Amino acid sequence: MNPSPSPSARGPWVQVPLRLRAWVRASELALVLLAAVTGCLGGLAVAGMSGATQILREVLYRLPSGQRLSGLTALPSGGLMGLSFLAPALGGAVLGLLLLASTRGRGRGRRGVVDPIEANALHGGRMSLRGSFDVAAQNVVSNGSGASVGLEAGYTQIAAGLASRLGIAFEMRRSDLRTLVGCGSAAAIAAAFGSPLTGAFYAFELIIGTYTIATLAPVVVAALCGSLVARALAPQPALVDVGALALARNGPVGAEDTLPCLVLGLACAGFAVLLMRGVTLVEQGFRASRLPAPVRPVLGGLCVGGLALMTTPQILSAGHGALHLHLAPEAAMGLLALAGLIAAKAVASAVSIGSGFRGGLFFASLFLGALVGRLFAGLAPLVWPGFDSFGLAPVGYAVIGMSAFAAAIVGGPLTMTFLALEMTGSFPVTALVLASVIASSLTVRKTFGYSFATWRFHLRGESIRSAHDVGWMRNLTVGRMMRKDIRPVPLDTPMATFLRAHPLGSPSRVVAIDEQGRYAGIILVPDAHARAVEQGDGPAQLADTVRHADAFLLADMSVKQAAKAFDEAESEALAVLDGADSRRVIGLLTESHTLKRYSDELDRQRRAMLGEAA
């Protein structure tokens with residue numbers, strides 16, 4: 001039985017003419033032009049989703065036009081029949097219906113929608129467009145109803161899904177399709193933050209998995225187009241511009257300011273790991289409750305709404321409005337209140353994602369990092385003698401903390417460094433940001449080993465840790481590499497008959513089967529002849545020469561698993577069976593052929609990465 005096709009493996013809904021497809025496959029300029037189209041589509045998608053969520057928030061909470069939900073000081077009394085704190089639960093109910101509809105549409109036994117990282121790592125850039133639209137709609141409902149999730153996951157999903165479908169229509173090569181998916185993600189992040197460099201390096205670090213000259217032009221063009229389109233359509237920037245804010249106290253910052261920034265980076269890394277663990281624990285708790293999956297967001301929404309009612313609306317939605325407040329120089333909040341807000345926002349994010357709301361921790365990590373930076377700037381003078389001699393102002397530490405915390409959660413140190421640069425326009429502060437994100441990223445990598453996205457892959461049983469293309473390795477299976485033209489020999493064949501049929505110089509390995517036709521081992525022809533000579537006139541048995549009766553391969557094993565099996569068996573060839581129980585022989589694979597195919601594929605991937613593929 002053949003496995004079900006991967007997302008988008010069913011072929012494009014539109015296929016462009018052959019001549020145009022050939023031109024796109026042969027021309028680097030064509031890829032850049034497609035990247036520009038992808039960037040414009042990504043900018044349109046971001047503007048549309050952002051506008052839809054704002055309308056939804058204004059309807060549910062009766063907000064004035066353009067007012068950010070998380071920028072409120074108290075929940076409005078006029079929204080949702082005077083019970084605004086129920087809005088997240090209402091959104092959870094709608095989300096549950098959407099989940100039921102999307103699950104019914106996919107049918108049982110089909111795997112869920114893959115995101116751009118998983119698509120590029122395992123599926124060669126192939127994504128489901130319908131599934132991407134489902135994710136985007138669920139993300140709009142989640143964020144628009146006030147759940148503490150960001151829109152960046154939906155932005156990148158829909159933009160990358162459009163890019164993938166566009167590439168499939170042109171029947172692009174695997175490497176080019178992966179690049180185009182990165183272009184869609186770059187356009188989405190660039191449009192969301194108004195930061196082309198941030199979007200480009202988001203694609204390089206997180207979606208494509210590497211930076212090469214071949215991918216530079218299309219990714220940067222897509223990021224620029226996405227940013228320009230969103231800027232032309234959106235009435236206000238998505239992220240506060242702190243370029244004009246005072247990041248230093250009295251004079252310019254210097255190299256001595258690196259030390260507190262390193263300490264802040266380590267603190268952000270520790271808190272980020274706790275947050276990722278917390279999301280997992282909450283998710284496990286909801287699963288243990290045995291509530292149906294569509295009902296869990298309702299309960300999660302009640303918890304988030306009640307928490308906002310007891311604390312502050314700043315914990316709701318992504319946190320854009322609240323970030324504006326806390327990056328302002330005049331922002332003043334007591335240390336206990338600041339610590340309470342950090343805890344409340346972390347709990348709200350963990351409950352939102354753990355209960356099933358669609359979204360990610362991208363913007364939540366920026367907001368939490370800014371709060372941690374503010375808290376650090378307030379606490380450090382109390383325990384660090386001479387801390388006031390450092391040059392950074394509290395807003396500067398907020399920017400440092402924002403970048404370091406997001407680098408720990410999202411996993412893109414250069415992405416967050418360029419975000420800080422494009423926000424502040426300050427190269428000295430950006431240098432401090434780079435030191436902090438390196439400390440944060442390295443700490444998370446050595447102590448935890450995952451970003452939030454790859455951590456969730458790990459929980460699902462996937463071994464991928466980045467978007468680096470390993471799907472080709474899984475596609476290079478034993479079934480594709482094995483020889484099928486083999487003739488097994490019954491184990492009860494007389495030795496003389498076997499020797500006449502397989503003289504010295506003939507193929508040196510023969511697969512043996514028992515009387516039920518099940519795999520019994522491998523016979524080396526030279527061993528059989530030597531055994532017959534040793535026995536002389538005695539009754540030599542073919543069974544005495546059988547090797548590796550318990551060592552075999554299965555058709556769905558990857559090349560990596562096959563190589564490991566050869567090492568463990570210490571054999572140069574192994575039989576391929578259709579199953580460990582049936583033990584029916586379907587082929588033979590040699591170690592030398594396996595290594596050759598692996599080496600050839602590695603070389604092809606290297607050439608594709610460098611843009612040398614024909």
# chains A, B, ... in the order shown; residues from 1 in each chain; ligands from 1
>>> closest_atom_pairs(of="range 245-331 of chain A", to="range 93-100 of chain A", cutoff="7 Å", atoms="only C-alpha atoms", output="Markdown table")
| residue | atom | partner | partner_atom | distance |
| --- | --- | --- | --- | --- |
| A:Pro294 | CA | A:Gly96 | CA | 3.9 |
| A:Val295 | CA | A:Gly96 | CA | 6.2 |
| A:Pro297 | CA | A:Ala93 | CA | 6.8 |
| A:Val298 | CA | A:Ala93 | CA | 5.4 |
>>> write_last_selection(atoms="N, CA and C atoms", output="JSON list (two decimals), in the first residue's frame")
[["chain", "number", "residue", "atom", "x", "y", "z"],
["A", 294, "PRO", "N", -12.01, 20.65, 19.81],
["A", 294, "PRO", "CA", -12.71, 21.91, 19.50],
["A", 294, "PRO", "C", -13.25, 22.64, 20.73],
["A", 295, "VAL", "N", -13.34, 21.95, 21.87],
["A", 295, "VAL", "CA", -13.87, 22.59, 23.08],
["A", 295, "VAL", "C", -12.76, 23.27, 23.89],
["A", 297, "PRO", "N", -10.30, 25.41, 23.15],
["A", 297, "PRO", "CA", -10.11, 26.86, 23.04],
["A", 297, "PRO", "C", -11.16, 27.67, 23.79],
["A", 298, "VAL", "N", -12.36, 27.12, 23.97],
["A", 298, "VAL", "CA", -13.38, 27.83, 24.74],
["A", 298, "VAL", "C", -12.93, 27.97, 26.18]]
>>> residues_around(residues="range 398-410 of chain A", least_positions_apart="6", cutoff="7 Å", atoms="only C-alpha atoms", output="PyMOL selection string")
chain A and resi 261+264-265+268-269+272+327+362+365-374+416-417+420+433+436-437+440-441+444+451-452
>>> write_last_selection(atoms="N, CA, C and O atoms", output="short mmCIF file (atom, residue, chain, number, x, y, z; two decimals), in the first residue's frame")
data_model
loop_
_atom_site.label_atom_id
_atom_site.label_comp_id
_atom_site.auth_asym_id
_atom_site.auth_seq_id
_atom_site.Cartn_x
_atom_site.Cartn_y
_atom_site.Cartn_z
N CYS A 261 24.63 43.64 28.94
CA CYS A 261 23.82 43.08 27.85
C CYS A 261 23.99 41.56 27.78
O CYS A 261 23.03 40.84 27.47
N LEU A 264 21.87 40.20 30.55
CA LEU A 264 20.47 40.25 30.16
C LEU A 264 20.14 39.15 29.15
O LEU A 264 19.07 38.54 29.21
N GLY A 265 21.05 38.89 28.22
CA GLY A 265 20.83 37.81 27.27
C GLY A 265 20.70 36.45 27.94
O GLY A 265 19.84 35.65 27.57
N CYS A 268 17.29 36.31 29.61
CA CYS A 268 16.23 36.10 28.63
C CYS A 268 16.19 34.64 28.17
O CYS A 268 15.11 34.07 27.97
N ALA A 269 17.36 34.03 28.01
CA ALA A 269 17.41 32.64 27.60
C ALA A 269 16.75 31.73 28.63
O ALA A 269 15.96 30.84 28.28
N ALA A 272 13.01 32.24 28.57
CA ALA A 272 12.43 31.70 27.32
C ALA A 272 12.26 30.18 27.41
O ALA A 272 11.25 29.64 26.96
N LEU A 327 7.82 50.91 25.46
CA LEU A 327 9.03 51.43 24.83
C LEU A 327 9.09 52.94 24.86
O LEU A 327 10.08 53.53 24.42
N PHE A 362 5.99 34.76 18.32
CA PHE A 362 6.92 35.73 17.77
C PHE A 362 6.76 37.08 18.45
O PHE A 362 7.68 37.59 19.10
N SER A 365 7.08 37.14 22.27
CA SER A 365 8.46 37.11 22.75
C SER A 365 9.09 38.50 22.67
O SER A 365 9.89 38.87 23.54
N LEU A 366 8.75 39.29 21.65
CA LEU A 366 9.24 40.66 21.59
C LEU A 366 8.71 41.48 22.76
O LEU A 366 9.46 42.22 23.41
N PHE A 367 7.43 41.37 23.03
CA PHE A 367 6.81 42.12 24.12
C PHE A 367 7.37 41.68 25.47
O PHE A 367 7.77 42.51 26.32
N LEU A 368 7.44 40.37 25.68
CA LEU A 368 7.98 39.88 26.95
C LEU A 368 9.45 40.27 27.12
O LEU A 368 9.88 40.63 28.22
N GLY A 369 10.21 40.21 26.02
CA GLY A 369 11.61 40.61 26.11
C GLY A 369 11.78 42.07 26.48
O GLY A 369 12.67 42.43 27.25
N ALA A 370 10.92 42.94 25.92
CA ALA A 370 10.98 44.36 26.28
C ALA A 370 10.66 44.56 27.75
O ALA A 370 11.31 45.36 28.44
N LEU A 371 9.68 43.80 28.27
CA LEU A 371 9.34 43.90 29.70
C LEU A 371 10.49 43.39 30.57
O LEU A 371 10.81 43.99 31.61
N VAL A 372 11.10 42.28 30.15
CA VAL A 372 12.24 41.74 30.91
C VAL A 372 13.39 42.74 30.91
O VAL A 372 14.06 42.93 31.94
N GLY A 373 13.62 43.40 29.77
CA GLY A 373 14.67 44.41 29.72
C GLY A 373 14.38 45.58 30.65
O GLY A 373 15.29 46.09 31.33
N ARG A 374 13.13 46.02 30.69
CA ARG A 374 12.73 47.08 31.62
C ARG A 374 12.93 46.64 33.07
O ARG A 374 13.43 47.40 33.91
N MET A 416 16.79 39.00 14.58
CA MET A 416 16.47 39.94 15.65
C MET A 416 17.48 41.09 15.71
O MET A 416 17.13 42.21 16.09
N THR A 417 18.70 40.82 15.33
CA THR A 417 19.69 41.90 15.29
C THR A 417 19.32 42.94 14.24
O THR A 417 19.38 44.16 14.49
N ALA A 420 16.38 45.06 15.36
CA ALA A 420 16.80 46.15 16.24
C ALA A 420 17.46 47.28 15.45
O ALA A 420 17.24 48.47 15.73
N VAL A 433 23.11 44.53 20.86
CA VAL A 433 22.05 43.55 20.60
C VAL A 433 22.66 42.25 20.08
O VAL A 433 22.28 41.16 20.50
N SER A 436 24.12 40.28 22.86
CA SER A 436 23.09 39.71 23.72
C SER A 436 22.39 38.53 23.07
O SER A 436 22.15 37.50 23.71
N VAL A 437 22.06 38.64 21.77
CA VAL A 437 21.35 37.54 21.12
C VAL A 437 22.26 36.33 20.94
O VAL A 437 21.78 35.19 20.97
N SER A 440 22.16 34.66 24.30
CA SER A 440 20.86 34.03 24.49
C SER A 440 20.71 32.78 23.63
O SER A 440 20.32 31.71 24.12
N SER A 441 21.03 32.91 22.35
CA SER A 441 20.86 31.77 21.43
C SER A 441 21.77 30.61 21.80
O SER A 441 21.35 29.45 21.77
N VAL A 444 20.41 28.81 24.95
CA VAL A 444 19.26 27.96 24.65
C VAL A 444 19.69 26.73 23.87
O VAL A 444 19.21 25.61 24.12
N SER A 451 14.42 25.84 19.22
CA SER A 451 13.58 27.03 19.26
C SER A 451 12.14 26.55 19.48
O SER A 451 11.88 25.35 19.54
N PHE A 452 11.20 27.50 19.60
CA PHE A 452 9.83 27.09 19.89
C PHE A 452 9.27 26.21 18.77
O PHE A 452 8.62 25.20 19.03
#
>>> atom_distance(atom1="CA of Gly209 in chain A", atom2="CA of Gly182 in chain A")
9.2 Å
>>> select_by_dssp(residues="range 228-453 of chain A", states="alpha helix (DSSP H)", output="PyMOL selection string")
chain A and resi 228-233+258-288+296-310+320-326+335-354+362-383+394-410+413-424+427-447+452-453
>>> residues_around(residues="range 25-38 of chain A", least_positions_apart="6", cutoff="7 Å", atoms="only C-alpha atoms", output="list in words")
Ala163, Met172, Leu180, Cys183, Gly184, Ala217, Pro218, Val219, Val221, Ala222 and Cys225 of chain A
>>> residues_around(residues="range 390-394 of chain A", least_positions_apart="2", cutoff="12 Å", atoms="only C-alpha atoms", output="ChimeraX atom specification")
/A:245-261,326-333,370-381,384-388,396-401,428-429,432-433
>>> atom_distance(atom1="CA of Ser508 in chain A", atom2="CA of Pro526 in chain A")
6.9 Å
>>> atom_distance(atom1="CA of Leu553 in chain A", atom2="CA of Met482 in chain A")
9.9 Å
>>> closest_residue(among="A:Arg583, A:Arg487, A:Arg290, A:Arg480", to="Ala520 in chain A", atoms="only C-alpha atoms")
A:Arg583
>>> closest_atom_pairs(of="range 379-490 of chain A", to="range 200-205 of chain A", cutoff="7 Å", atoms="only C-alpha atoms", output="tab-separated table")
residue	atom	partner	partner_atom	distance
A:Gly412	CA	A:Glu205	CA	5.9
A:Leu414	CA	A:Phe201	CA	6.6
A:Thr415	CA	A:Phe201	CA	5.1
>>> residues_around(residues="Asp567 in chain A", least_positions_apart="4", cutoff="12 Å", atoms="only C-alpha atoms", output="PyMOL selection string")
chain A and resi 551-552+560-563+571-574+590-591
>>> write_last_selection(atoms="C-alpha atoms", output="compact mmCIF listing (two decimals), in the first residue's frame")
# COMPACT_ATOMS: atom_id res chain seq x y z
CA ALA A 551 19.83 -8.78 9.85
CA PHE A 552 17.76 -7.28 7.04
CA LYS A 560 20.73 6.88 6.92
CA GLN A 561 18.96 3.95 8.56
CA ALA A 562 20.33 1.59 5.93
CA ALA A 563 23.90 2.73 6.54
CA SER A 571 27.84 -6.96 6.17
CA GLU A 572 28.45 -5.58 2.70
CA ALA A 573 24.96 -6.54 1.53
CA LEU A 574 21.58 -7.16 3.15
CA THR A 590 24.73 -3.43 -1.11
CA GLU A 591 26.57 -1.02 1.13
>>> residues_around(residues="Ala74 in chain A", least_positions_apart="6", cutoff="8 Å", atoms="only C-alpha atoms", output="number ranges by chain")
A: 309, 312-313
>>> write_last_selection(atoms="N, CA and C atoms", output="compact mmCIF listing (two decimals), in the first residue's frame")
# COMPACT_ATOMS: atom_id res chain seq x y z
N LEU A 309 -9.25 40.36 32.86
CA LEU A 309 -10.16 41.12 33.74
C LEU A 309 -9.52 41.36 35.10
N THR A 312 -4.77 43.07 33.47
CA THR A 312 -4.74 44.20 32.54
C THR A 312 -4.99 43.68 31.12
N PRO A 313 -5.64 44.47 30.27
CA PRO A 313 -5.84 44.06 28.87
C PRO A 313 -4.53 43.97 28.09
>>> select_by_dssp(residues="range 337-561 of chain A", states="strand (DSSP E or B)", output="MDAnalysis selection string")
chainID A and resid 360 392 477 483 489:490 509:513 519:524 546:547 553:554 558
>>> residues_around(residues="Leu228 in chain A", least_positions_apart="5", cutoff="9 Å", atoms="only C-alpha atoms", output="number ranges by chain")
A: 40, 43, 190-191, 194, 223, 233
>>> write_last_selection(atoms="N, CA and C atoms", output="short mmCIF file (atom, residue, chain, number, x, y, z; two decimals), in the first residue's frame")
data_model
loop_
_atom_site.label_atom_id
_atom_site.label_comp_id
_atom_site.auth_asym_id
_atom_site.auth_seq_id
_atom_site.Cartn_x
_atom_site.Cartn_y
_atom_site.Cartn_z
N CYS A 40 4.72 40.72 -3.42
CA CYS A 40 3.49 41.53 -3.49
C CYS A 40 2.30 40.78 -2.91
N GLY A 43 2.64 40.82 0.85
CA GLY A 43 2.24 42.10 1.41
C GLY A 43 0.73 42.27 1.44
N ALA A 190 8.70 40.93 6.53
CA ALA A 190 9.05 42.30 6.15
C ALA A 190 7.82 43.19 6.15
N ALA A 191 6.71 42.68 5.66
CA ALA A 191 5.47 43.46 5.65
C ALA A 191 4.93 43.67 7.06
N GLY A 194 7.60 46.11 8.69
CA GLY A 194 8.15 47.21 7.91
C GLY A 194 9.65 47.18 7.86
N ALA A 223 11.27 40.49 0.01
CA ALA A 223 11.11 41.24 1.25
C ALA A 223 10.82 42.72 0.97
N LEU A 233 -0.63 49.96 1.90
CA LEU A 233 -2.01 49.62 2.24
C LEU A 233 -2.36 49.84 3.70
#
